[in-house]
file query_3.txt (compact mmCIF, C-alpha atoms and all ligand atoms)
# COMPACT_ATOMS: atom_id res chain seq x y z
CA MET A 179 20.21 94.27 122.38
CA ARG A 180 17.35 92.03 123.48
CA ALA A 181 14.41 93.71 125.19
CA LYS A 182 14.02 93.00 128.91
CA VAL A 183 11.75 89.98 129.50
CA VAL A 184 9.24 90.63 132.27
CA THR A 185 7.11 87.75 133.52
CA ILE A 186 3.72 88.46 135.03
CA ASP A 187 5.02 87.40 138.46
CA ARG A 188 7.84 89.87 138.30
CA HIS A 189 5.51 92.62 137.07
CA ILE A 190 3.06 92.00 139.91
CA ILE A 191 5.87 92.07 142.49
CA ASP A 192 7.34 95.25 140.95
CA GLN A 193 3.91 96.89 141.14
CA GLU A 194 3.53 95.82 144.74
CA ARG A 195 6.89 97.33 145.69
CA LYS A 196 5.38 100.70 144.76
CA HIS A 197 2.97 100.27 147.69
CA PRO A 198 5.03 100.01 150.87
CA GLY A 199 3.21 98.03 153.52
CA ALA A 200 1.45 95.76 151.01
CA SER A 201 1.02 92.30 152.51
CA GLY A 202 1.85 90.24 149.44
CA ARG A 203 -1.60 88.64 149.61
CA PHE A 204 -2.82 90.60 146.63
CA SER A 205 0.17 89.63 144.47
CA ALA A 206 -0.34 86.00 145.41
CA LEU A 207 -4.02 86.28 144.44
CA LEU A 208 -3.16 87.62 140.97
CA TYR A 209 -0.52 84.95 140.64
CA ASP A 210 -3.13 82.24 141.33
CA ILE A 211 -5.44 83.75 138.71
CA ALA A 212 -2.60 83.61 136.17
CA LEU A 213 -2.03 79.96 137.05
CA ALA A 214 -5.72 79.12 136.56
CA ALA A 215 -5.59 80.96 133.22
CA LYS A 216 -2.71 78.77 132.05
CA LEU A 217 -4.61 75.60 132.94
CA ILE A 218 -7.75 76.79 131.13
CA SER A 219 -5.69 77.92 128.14
CA ARG A 220 -4.11 74.48 127.85
CA GLU A 221 -7.53 72.85 127.85
CA VAL A 222 -9.08 75.37 125.42
CA ASN A 223 -6.21 74.79 123.00
CA LYS A 224 -6.75 71.08 122.88
CA ALA A 225 -10.53 71.35 122.83
CA GLY A 226 -10.72 70.00 119.30
CA LEU A 227 -8.50 67.03 120.15
CA VAL A 228 -10.10 65.50 123.18
CA ASP A 229 -13.59 64.84 124.26
CA VAL A 230 -14.10 68.06 126.17
CA LEU A 231 -16.49 69.58 123.66
CA GLY A 232 -20.20 69.11 123.73
CA LYS A 233 -22.74 69.86 126.37
CA THR A 234 -23.11 68.39 129.84
CA GLY A 235 -26.91 68.41 129.59
CA ALA A 236 -27.20 70.67 132.67
CA THR A 237 -28.55 74.23 132.67
CA ASN A 238 -26.85 77.08 134.57
CA VAL A 239 -28.53 79.83 136.61
CA GLN A 240 -28.99 81.97 133.48
CA GLY A 241 -31.03 79.19 131.87
CA GLU A 242 -28.33 78.44 129.32
CA GLU A 243 -26.92 75.05 128.44
CA VAL A 244 -23.66 74.36 130.26
CA GLN A 245 -20.81 73.16 128.12
CA LYS A 246 -18.05 70.94 129.37
CA LEU A 247 -15.32 73.53 129.04
CA ASP A 248 -17.42 75.95 131.13
CA ASP A 249 -17.52 73.32 133.86
CA PHE A 250 -13.81 72.73 133.58
CA ALA A 251 -12.96 76.45 133.76
CA GLN A 252 -15.28 76.92 136.73
CA GLU A 253 -13.68 74.04 138.63
CA VAL A 254 -10.13 75.11 137.82
CA ILE A 255 -10.71 78.64 139.09
CA VAL A 256 -12.48 77.55 142.29
CA LYS A 257 -9.79 74.97 143.06
CA ALA A 258 -6.94 77.36 142.29
CA MET A 259 -8.41 80.08 144.46
CA ASP A 260 -10.24 78.55 147.44
CA HIS A 261 -7.41 77.30 149.63
CA ALA A 262 -4.70 79.98 149.65
CA GLY A 263 -6.29 82.18 152.31
CA HIS A 264 -6.72 85.30 150.13
CA LEU A 265 -10.49 85.17 149.62
CA CYS A 266 -13.57 85.38 151.83
CA CYS A 267 -15.88 84.13 149.02
CA MET A 268 -16.33 83.94 145.26
CA VAL A 269 -19.11 84.69 142.77
CA SER A 270 -19.36 83.05 139.36
CA GLU A 271 -21.67 83.31 136.39
CA GLU A 272 -22.09 79.57 136.71
CA CYS A 273 -23.40 79.57 140.33
CA ASP A 274 -26.62 81.00 141.61
CA ASP A 275 -25.30 81.83 145.09
CA ILE A 276 -22.09 83.02 146.67
CA ILE A 277 -19.38 80.34 146.60
CA PRO A 278 -18.13 80.02 150.19
CA ILE A 279 -14.57 79.16 151.16
CA PRO A 280 -14.61 75.65 152.65
CA GLY A 281 -14.31 75.66 156.46
CA LYS A 282 -11.01 73.73 156.39
CA PHE A 283 -9.24 76.63 154.62
CA GLU A 284 -8.14 80.04 155.86
CA THR A 285 -10.14 83.03 154.65
CA GLY A 286 -8.86 86.44 153.56
CA ASN A 287 -9.89 89.98 152.79
CA TYR A 288 -10.71 89.80 149.10
CA VAL A 289 -13.77 88.79 147.05
CA LEU A 290 -13.29 87.26 143.60
CA LEU A 291 -16.08 87.58 141.03
CA PHE A 292 -15.63 85.87 137.68
CA ASP A 293 -17.07 84.59 134.45
CA PRO A 294 -15.07 81.39 133.94
CA LEU A 295 -15.57 81.09 130.19
CA ASP A 296 -17.42 83.87 128.44
CA GLY A 297 -18.68 83.56 124.88
CA SER A 298 -19.35 79.88 125.39
CA SER A 299 -21.50 79.64 122.28
CA ASN A 300 -18.21 80.14 120.38
CA ILE A 301 -16.36 77.20 121.99
CA GLY A 302 -17.31 74.58 119.46
CA VAL A 303 -16.43 76.68 116.42
CA ASN A 304 -12.85 77.65 117.31
CA VAL A 305 -13.64 81.31 117.90
CA SER A 306 -11.88 83.18 120.73
CA ILE A 307 -13.39 82.98 124.19
CA GLY A 308 -12.31 84.44 127.50
CA THR A 309 -12.32 84.57 131.29
CA ILE A 310 -13.23 87.79 133.13
CA PHE A 311 -12.36 88.58 136.76
CA SER A 312 -13.02 91.29 139.30
CA ILE A 313 -11.57 91.71 142.80
CA HIS A 314 -13.07 93.65 145.69
CA HIS A 315 -12.01 94.21 149.28
CA LYS A 316 -14.12 92.57 151.94
CA VAL A 317 -16.21 95.26 153.62
CA SER A 318 -18.40 93.37 156.09
CA PRO A 319 -17.20 92.17 159.48
CA GLY A 320 -16.64 88.45 160.11
CA ARG A 321 -14.61 85.78 158.42
CA HIS A 322 -16.87 84.78 155.56
CA GLY A 323 -18.02 86.81 152.58
CA THR A 324 -21.57 88.18 152.46
CA LEU A 325 -23.81 89.80 149.85
CA GLU A 326 -22.61 93.18 151.10
CA ASP A 327 -19.06 92.24 150.10
CA CYS A 328 -20.18 91.19 146.63
CA LEU A 329 -22.70 93.90 145.72
CA GLN A 330 -20.23 96.78 145.53
CA PRO A 331 -20.03 99.31 142.68
CA GLY A 332 -17.30 98.73 140.09
CA SER A 333 -15.54 101.91 141.18
CA ARG A 334 -14.49 100.05 144.35
CA GLN A 335 -12.73 97.22 142.50
CA VAL A 336 -9.19 96.63 143.69
CA ALA A 337 -8.26 95.00 140.39
CA ALA A 338 -9.92 93.51 137.34
CA GLY A 339 -8.99 91.91 134.07
CA TYR A 340 -9.55 89.21 131.54
CA ILE A 341 -7.85 86.42 129.67
CA VAL A 342 -8.53 85.98 125.98
CA TYR A 343 -7.91 82.55 124.51
CA GLY A 344 -7.26 83.60 120.93
CA SER A 345 -4.57 83.10 118.33
CA SER A 346 -2.41 83.50 121.42
CA THR A 347 -3.52 83.59 125.06
CA MET A 348 -3.34 87.03 126.64
CA LEU A 349 -4.00 88.25 130.16
CA VAL A 350 -4.82 91.93 130.65
CA TYR A 351 -5.25 93.43 134.11
CA THR A 352 -5.49 96.72 135.91
CA THR A 353 -5.41 97.86 139.50
CA GLY A 354 -7.42 100.96 138.54
CA LYS A 355 -6.79 104.30 136.86
CA ASP A 356 -3.40 104.99 138.43
CA GLY A 357 -2.16 101.45 137.88
CA GLY A 358 -2.69 101.50 134.08
CA ALA A 359 -3.75 98.48 132.02
CA HIS A 360 -1.10 95.90 131.17
CA GLY A 361 -1.19 92.97 128.77
CA PHE A 362 0.80 89.71 128.95
CA THR A 363 1.07 87.07 126.27
CA LEU A 364 1.45 83.43 127.23
CA ASP A 365 4.60 81.87 125.82
CA PRO A 366 3.53 78.22 125.64
CA SER A 367 7.11 77.00 125.27
CA ILE A 368 8.04 78.18 128.77
CA GLY A 369 4.53 78.38 130.27
CA GLU A 370 4.92 82.02 131.31
CA PHE A 371 2.87 85.14 130.71
CA LEU A 372 5.34 87.75 129.40
CA LEU A 373 4.71 91.49 129.42
CA SER A 374 3.88 92.32 125.80
CA HIS A 375 1.56 95.35 126.10
CA PRO A 376 2.67 97.65 128.95
CA ASN A 377 0.47 100.67 129.71
CA ILE A 378 -2.18 100.06 127.09
CA ARG A 379 -3.92 103.25 125.89
CA LEU A 380 -6.90 103.31 123.55
CA PRO A 381 -5.49 104.91 120.41
CA GLU A 382 -6.52 108.45 119.45
CA PRO A 383 -7.90 108.86 116.88
CA PRO A 384 -9.49 105.43 117.25
CA ALA A 385 -10.29 102.98 114.48
CA ARG A 386 -13.73 103.81 113.03
CA ILE A 387 -15.28 100.55 114.20
CA TYR A 388 -18.61 99.87 115.88
CA SER A 389 -19.46 96.50 117.31
CA VAL A 390 -23.03 95.35 118.03
CA ASN A 391 -25.38 92.51 117.17
CA GLU A 392 -27.21 94.22 114.31
CA ALA A 393 -29.81 91.45 114.02
CA TYR A 394 -31.56 93.09 116.96
CA TYR A 395 -31.98 96.43 115.15
CA PRO A 396 -35.79 96.13 114.91
CA ARG A 397 -35.98 95.58 118.69
CA TRP A 398 -33.83 98.60 119.69
CA SER A 399 -35.02 101.99 120.95
CA PRO A 400 -35.27 104.77 118.32
CA GLY A 401 -32.16 106.44 119.83
CA GLN A 402 -30.13 103.24 119.49
CA GLN A 403 -31.32 102.79 115.91
CA ARG A 404 -30.33 106.36 115.02
CA LEU A 405 -26.90 105.88 116.59
CA VAL A 406 -26.18 102.88 114.39
CA ASP A 407 -27.73 104.71 111.39
CA HIS A 408 -25.13 107.41 112.10
CA PHE A 409 -22.28 104.88 111.94
CA ARG A 410 -23.76 103.50 108.73
CA GLY A 411 -23.91 107.01 107.23
CA MET A 412 -27.68 107.01 107.01
CA ASN A 413 -28.26 110.21 108.99
CA GLY A 414 -27.62 112.65 106.15
CA GLU A 415 -24.35 114.53 106.03
CA SER A 416 -22.80 113.40 109.32
CA GLY A 417 -21.48 109.98 110.25
CA GLY A 418 -20.60 107.11 107.99
CA GLY A 419 -17.15 105.81 107.21
CA TYR A 420 -17.31 103.15 109.92
CA LYS A 421 -16.70 99.43 109.76
CA SER A 422 -18.73 96.90 111.70
CA ARG A 423 -17.04 94.07 113.63
CA TYR A 424 -18.91 91.69 115.95
CA ILE A 425 -17.46 88.40 117.16
CA GLY A 426 -20.14 87.65 119.76
CA SER A 427 -17.49 86.96 122.43
CA LEU A 428 -17.42 89.92 124.78
CA VAL A 429 -13.77 89.48 125.76
CA SER A 430 -12.63 89.31 122.13
CA ASP A 431 -14.79 92.23 121.00
CA PHE A 432 -13.52 94.26 123.95
CA HIS A 433 -9.88 93.26 123.41
CA ARG A 434 -10.01 94.51 119.83
CA THR A 435 -11.65 97.73 121.01
CA LEU A 436 -8.94 98.23 123.63
CA LEU A 437 -6.11 97.79 121.14
CA VAL A 438 -7.44 99.70 118.13
CA GLY A 439 -10.27 101.81 119.55
CA GLY A 440 -13.92 102.00 118.53
CA LEU A 441 -17.21 101.32 120.30
CA PHE A 442 -18.60 98.05 121.64
CA MET A 443 -22.33 98.01 122.38
CA TYR A 444 -24.76 95.59 123.96
CA PRO A 445 -27.79 97.85 124.25
CA LEU A 446 -31.26 97.30 125.64
CA GLU A 447 -33.53 95.46 123.27
CA LYS A 448 -37.10 94.23 123.59
CA ARG A 449 -36.06 90.68 124.48
CA ALA A 450 -33.36 91.86 126.92
CA PRO A 451 -35.09 94.82 128.59
CA ALA A 452 -32.38 95.10 131.28
CA GLY A 453 -29.52 94.34 128.87
CA LYS A 454 -27.81 90.95 128.55
CA LEU A 455 -24.39 91.37 130.11
CA ARG A 456 -23.90 90.96 133.85
CA ILE A 457 -22.67 93.86 135.94
CA LEU A 458 -20.42 92.21 138.47
CA TYR A 459 -18.31 89.86 136.40
CA GLU A 460 -18.69 91.12 132.82
CA ALA A 461 -19.42 94.86 132.60
CA ALA A 462 -17.67 96.27 135.71
CA PRO A 463 -14.27 94.56 135.28
CA LEU A 464 -14.04 95.45 131.59
CA ALA A 465 -15.13 99.00 132.46
CA LEU A 466 -12.23 99.29 134.93
CA VAL A 467 -9.73 98.09 132.30
CA CYS A 468 -11.25 100.40 129.68
CA GLU A 469 -11.06 103.48 131.92
CA ALA A 470 -7.52 102.64 133.05
CA ALA A 471 -6.60 102.68 129.34
CA GLY A 472 -8.21 106.09 128.81
CA GLY A 473 -11.58 104.87 127.52
CA ARG A 474 -15.12 105.06 128.92
CA ALA A 475 -17.83 102.61 129.93
CA SER A 476 -21.48 103.61 130.17
CA ASP A 477 -24.85 101.92 130.51
CA GLY A 478 -26.17 104.53 128.08
CA ALA A 479 -26.85 107.15 130.73
CA ARG A 480 -24.27 106.81 133.52
CA ASP A 481 -20.83 105.36 134.18
CA VAL A 482 -20.91 101.58 134.56
CA LEU A 483 -18.52 101.88 137.51
CA ASP A 484 -21.16 103.83 139.46
CA ILE A 485 -23.83 101.12 139.24
CA VAL A 486 -24.61 99.45 142.57
CA PRO A 487 -26.02 96.01 141.74
CA LYS A 488 -28.92 94.64 143.77
CA GLY A 489 -28.36 91.00 142.84
CA LEU A 490 -25.32 88.88 142.01
CA HIS A 491 -26.43 88.28 138.43
CA ASP A 492 -27.94 91.71 137.61
CA ARG A 493 -27.56 92.80 134.00
CA THR A 494 -26.85 96.11 132.31
CA PRO A 495 -26.76 97.60 128.84
CA LEU A 496 -23.13 98.30 127.95
CA PHE A 497 -21.27 100.85 125.82
CA LEU A 498 -17.50 100.46 126.02
CA GLY A 499 -14.59 101.99 124.20
CA SER A 500 -13.18 105.26 122.94
CA ARG A 501 -14.36 108.18 125.03
CA HIS A 502 -15.96 110.36 122.40
CA LEU A 503 -17.83 107.40 120.88
CA VAL A 504 -19.30 106.43 124.27
CA ASP A 505 -20.27 110.11 124.74
CA LEU A 506 -21.88 110.06 121.29
CA ALA A 507 -23.88 106.94 122.18
CA GLU A 508 -25.17 108.62 125.36
CA GLN A 509 -26.12 111.70 123.34
CA TYR A 510 -28.16 109.69 120.79
CA LEU A 511 -29.88 107.70 123.55
CA ARG A 512 -30.73 110.88 125.47
CA GLU A 513 -32.13 112.58 122.39
CA GLY A 514 -34.02 109.39 121.47
CA SER A 515 -35.75 109.31 124.83
CA GLU A 516 -36.65 113.02 124.65
CA SER A 517 -38.21 112.90 121.16
P1 LIG A 601 -22.32 84.08 127.91
O1 LIG A 601 -21.87 84.63 129.23
O2 LIG A 601 -23.47 83.13 128.05
O3 LIG A 601 -21.22 83.52 127.09
O4 LIG A 601 -23.00 85.31 127.12
C1 LIG A 601 -22.32 86.50 126.99
C2 LIG A 601 -21.95 86.69 125.54
C3 LIG A 601 -20.91 87.75 125.34
O5 LIG A 601 -19.64 87.16 125.22
C4 LIG A 601 -21.30 88.41 124.05
O6 LIG A 601 -20.93 89.78 124.05
C5 LIG A 601 -22.79 88.25 124.03
O7 LIG A 601 -23.11 87.16 124.89
C6 LIG A 601 -23.33 87.90 122.67
O8 LIG A 601 -24.71 87.86 122.72
P2 LIG A 601 -25.60 87.79 121.41
O9 LIG A 601 -25.47 86.42 120.86
O10 LIG A 601 -27.01 88.10 121.87
O11 LIG A 601 -25.10 88.86 120.44
MG MG A 602 -20.55 85.48 130.25
call {"tool": "encode", "arguments": {"input": "query_3.txt", "output": "structure tokens"}}
result
Amino acid sequence: MRAKVVTIDRHIIDQERKHPGASGRFSALLYDIALAAKLISREVNKAGLVDVLGKTGATNVQGEEVQKLDDFAQEVIVKAMDHAGHLCCMVSEECDDIIPIPGKFETGNYVLLFDPLDGSSNIGVNVSIGTIFSIHHKVSPGRHGTLEDCLQPGSRQVAAGYIVYGSSTMLVYTTGKDGGAHGFTLDPSIGEFLLSHPNIRLPEPPARIYSVNEAYYPRWSPGQQRLVDHFRGMNGESGGGYKSRYIGSLVSDFHRTLLVGGLFMYPLEKRAPAGKLRILYEAAPLALVCEAAGGRASDGARDVLDIVPKGLHDRTPLFLGSRHLVDLAEQYLREGSES
């Protein structure tokens, strides 16, 4: 007997049926995200074939060089999402300010925050990259989105997820703890995301894997150094027996962590004293997925989902993955700051 084939559209509708009174707007919003993901995936997959590689020469709000595929992904998402009447505004890593919904279109009750193409330094070398998205309810009065609508803690996300453009393209999303985390793999022959990983749970016991840019070791706090020494088996009797894996693409490093377990870290370091990764469209959405799959996400001292950002592009240190490993990281950082 063949297994039942569930497309992402059908899955989203089935999920919505569990919430009587749902307007259908939310399903349509997720559907549009999936469509944008397919368009970006198509372009990423032919990146080596056409002249979409290379840099545009412009610099984005983070001071980084903008690459052509980043521009493409940004445009695709904005164009797929701005006219359907679901959103009151958008926020992107690539734009300094809130992206308003053009006056000619209807507005809606959701805010979309996204990183159109994360890990962009990996584009030109055929290493997996990804898109990250986060959805909040509008909380301010009026038709258009405001800072108040955007600067909400991750715990208030209505949904979040990511797309990884890897050896296959996968979309993973959650509507929060009770909704679980579900993964869909794009079947390029029919152009559909098919349910391949229902109800993802971080495995227990997890793989003994830690993931961090070890080149920054000399610039870490003593607690962070001791934590990694522990994984390397350098703290005497305890610890050791771990492998290190670091791709340098957040979505890919997180995706591996979600499927096999382990700990992903982007800690504070002297050159990134507030951390590198952005709260609203990198840390918070992945934290929601991680927790929905039974994992934890911390900034080293508190849950990432409790952070209330003050600016659209605020950063945070990030520890993501199997619960007891995130707890262990917090313990080492606490002890490091006390000694
Ligand atoms: P980006 O948004 O400019 O692509 O930067 C974020 C990326 C993440 O994908 C990854 O986890 C991190 O930067 C890697 O940084 P580093 O090169 O310092 O290790
Ligand atoms: Mg990014």
call {"tool": "closest_residue", "arguments": {"input": "query_3.txt", "among": "A:Leu466, A:Val184, A:Ile457, A:Ile190", "to": "ligand LIG 601 (chain A)", "atoms": "all atoms listed in the file"}}
result
A:Ile457
call {"tool": "closest_residue", "arguments": {"input": "query_3.txt", "among": "A:Ile307, A:Ala359, A:Val438, A:Ile277", "to": "Arg386 in chain A", "atoms": "only C-alpha atoms"}}
result
A:Val438
call {"tool": "residues_near_ligand", "arguments": {"input": "query_3.txt", "ligand": "ligand MG 602 (chain A)", "cutoff": "7 Å", "atoms": "all atoms listed in the file", "output": "short mmCIF file (atom, residue, chain, number, x, y, z; two decimals) with C-alpha atoms, keeping the file's coordinate frame"}}
result
data_model
loop_
_atom_site.label_atom_id
_atom_site.label_comp_id
_atom_site.auth_asym_id
_atom_site.auth_seq_id
_atom_site.Cartn_x
_atom_site.Cartn_y
_atom_site.Cartn_z
CA GLU A 271 -21.67 83.31 136.39
CA ASP A 293 -17.07 84.59 134.45
CA LEU A 295 -15.57 81.09 130.19
CA ASP A 296 -17.42 83.87 128.44
CA GLY A 297 -18.68 83.56 124.88
CA GLU A 460 -18.69 91.12 132.82
#
call {"tool": "residues_near_ligand", "arguments": {"input": "query_3.txt", "ligand": "ligand LIG 601 (chain A)", "cutoff": "7 Å", "atoms": "all atoms listed in the file", "output": "compact mmCIF listing (two decimals) with C-alpha atoms, in the frame of the given file"}}
result
# COMPACT_ATOMS: atom_id res chain seq x y z
CA GLU A 242 -28.33 78.44 129.32
CA LEU A 295 -15.57 81.09 130.19
CA ASP A 296 -17.42 83.87 128.44
CA GLY A 297 -18.68 83.56 124.88
CA SER A 298 -19.35 79.88 125.39
CA SER A 299 -21.50 79.64 122.28
CA ASN A 391 -25.38 92.51 117.17
CA GLY A 426 -20.14 87.65 119.76
CA SER A 427 -17.49 86.96 122.43
CA LEU A 428 -17.42 89.92 124.78
CA VAL A 429 -13.77 89.48 125.76
CA TYR A 444 -24.76 95.59 123.96
CA LEU A 455 -24.39 91.37 130.11
call {"tool": "residues_around", "arguments": {"input": "query_3.txt", "residues": "range 497-501 of chain A", "least_positions_apart": "3", "cutoff": "8 Å", "atoms": "only C-alpha atoms", "output": "JSON, numbers by chain"}}
result
{"A": [380, 384, 432, 435, 436, 439, 440, 441, 442, 443, 444, 445, 465, 468, 472, 473, 474, 475, 476, 477, 478, 504, 505, 507]}
call {"tool": "closest_atom_pairs", "arguments": {"input": "query_3.txt", "of": "range 351-399 of chain A", "to": "range 332-347 of chain A", "cutoff": "8 Å", "atoms": "all atoms listed in the file", "output": "JSON lines"}}
result
{"residue": "A:Tyr351", "atom": "CA", "partner": "A:Gly339", "partner_atom": "CA", "distance": 4.0}
{"residue": "A:Thr352", "atom": "CA", "partner": "A:Ala337", "partner_atom": "CA", "distance": 5.5}
{"residue": "A:Thr353", "atom": "CA", "partner": "A:Ala337", "partner_atom": "CA", "distance": 4.1}
{"residue": "A:Gly354", "atom": "CA", "partner": "A:Ala337", "partner_atom": "CA", "distance": 6.3}
{"residue": "A:Thr363", "atom": "CA", "partner": "A:Thr347", "partner_atom": "CA", "distance": 5.9}
{"residue": "A:Leu364", "atom": "CA", "partner": "A:Thr347", "partner_atom": "CA", "distance": 5.4}
call {"tool": "build_atoms", "arguments": {"input": "query_3.txt", "residues": "range 250-263 of chain A", "atoms": "N, CA and C atoms", "output": "PDB file, in the coordinates of the input"}}
result
ATOM      1  N   PHE A 250     -15.233  72.891 133.294  1.00  0.00           N
ATOM      2  CA  PHE A 250     -13.810  72.730 133.580  1.00  0.00           C
ATOM      3  C   PHE A 250     -13.231  74.049 134.090  1.00  0.00           C
ATOM      4  N   ALA A 251     -13.520  75.142 133.387  1.00  0.00           N
ATOM      5  CA  ALA A 251     -12.960  76.450 133.760  1.00  0.00           C
ATOM      6  C   ALA A 251     -13.443  76.847 135.156  1.00  0.00           C
ATOM      7  N   GLN A 252     -14.721  76.598 135.413  1.00  0.00           N
ATOM      8  CA  GLN A 252     -15.280  76.920 136.730  1.00  0.00           C
ATOM      9  C   GLN A 252     -14.524  76.169 137.827  1.00  0.00           C
ATOM     10  N   GLU A 253     -14.335  74.875 137.619  1.00  0.00           N
ATOM     11  CA  GLU A 253     -13.680  74.040 138.630  1.00  0.00           C
ATOM     12  C   GLU A 253     -12.220  74.456 138.834  1.00  0.00           C
ATOM     13  N   VAL A 254     -11.545  74.730 137.730  1.00  0.00           N
ATOM     14  CA  VAL A 254     -10.130  75.110 137.820  1.00  0.00           C
ATOM     15  C   VAL A 254      -9.989  76.385 138.658  1.00  0.00           C
ATOM     16  N   ILE A 255     -10.850  77.366 138.373  1.00  0.00           N
ATOM     17  CA  ILE A 255     -10.710  78.640 139.090  1.00  0.00           C
ATOM     18  C   ILE A 255     -11.029  78.439 140.578  1.00  0.00           C
ATOM     19  N   VAL A 256     -12.117  77.753 140.868  1.00  0.00           N
ATOM     20  CA  VAL A 256     -12.480  77.550 142.290  1.00  0.00           C
ATOM     21  C   VAL A 256     -11.355  76.812 143.017  1.00  0.00           C
ATOM     22  N   LYS A 257     -10.841  75.765 142.383  1.00  0.00           N
ATOM     23  CA  LYS A 257      -9.790  74.970 143.060  1.00  0.00           C
ATOM     24  C   LYS A 257      -8.477  75.721 143.185  1.00  0.00           C
ATOM     25  N   ALA A 258      -8.205  76.596 142.205  1.00  0.00           N
ATOM     26  CA  ALA A 258      -6.940  77.360 142.290  1.00  0.00           C
ATOM     27  C   ALA A 258      -7.037  78.459 143.340  1.00  0.00           C
ATOM     28  N   MET A 259      -8.272  78.877 143.660  1.00  0.00           N
ATOM     29  CA  MET A 259      -8.410  80.080 144.460  1.00  0.00           C
ATOM     30  C   MET A 259      -8.939  79.848 145.881  1.00  0.00           C
ATOM     31  N   ASP A 260      -9.491  78.664 146.174  1.00  0.00           N
ATOM     32  CA  ASP A 260     -10.240  78.550 147.440  1.00  0.00           C
ATOM     33  C   ASP A 260      -9.381  78.263 148.671  1.00  0.00           C
ATOM     34  N   HIS A 261      -8.146  77.809 148.477  1.00  0.00           N
ATOM     35  CA  HIS A 261      -7.410  77.300 149.630  1.00  0.00           C
ATOM     36  C   HIS A 261      -6.245  78.170 150.096  1.00  0.00           C
ATOM     37  N   ALA A 262      -5.946  79.250 149.357  1.00  0.00           N
ATOM     38  CA  ALA A 262      -4.700  79.980 149.650  1.00  0.00           C
ATOM     39  C   ALA A 262      -4.855  81.025 150.754  1.00  0.00           C
ATOM     40  N   GLY A 263      -6.090  81.250 151.185  1.00  0.00           N
ATOM     41  CA  GLY A 263      -6.290  82.180 152.310  1.00  0.00           C
ATOM     42  C   GLY A 263      -6.412  83.636 151.901  1.00  0.00           C
TER      43      GLY A 263
END
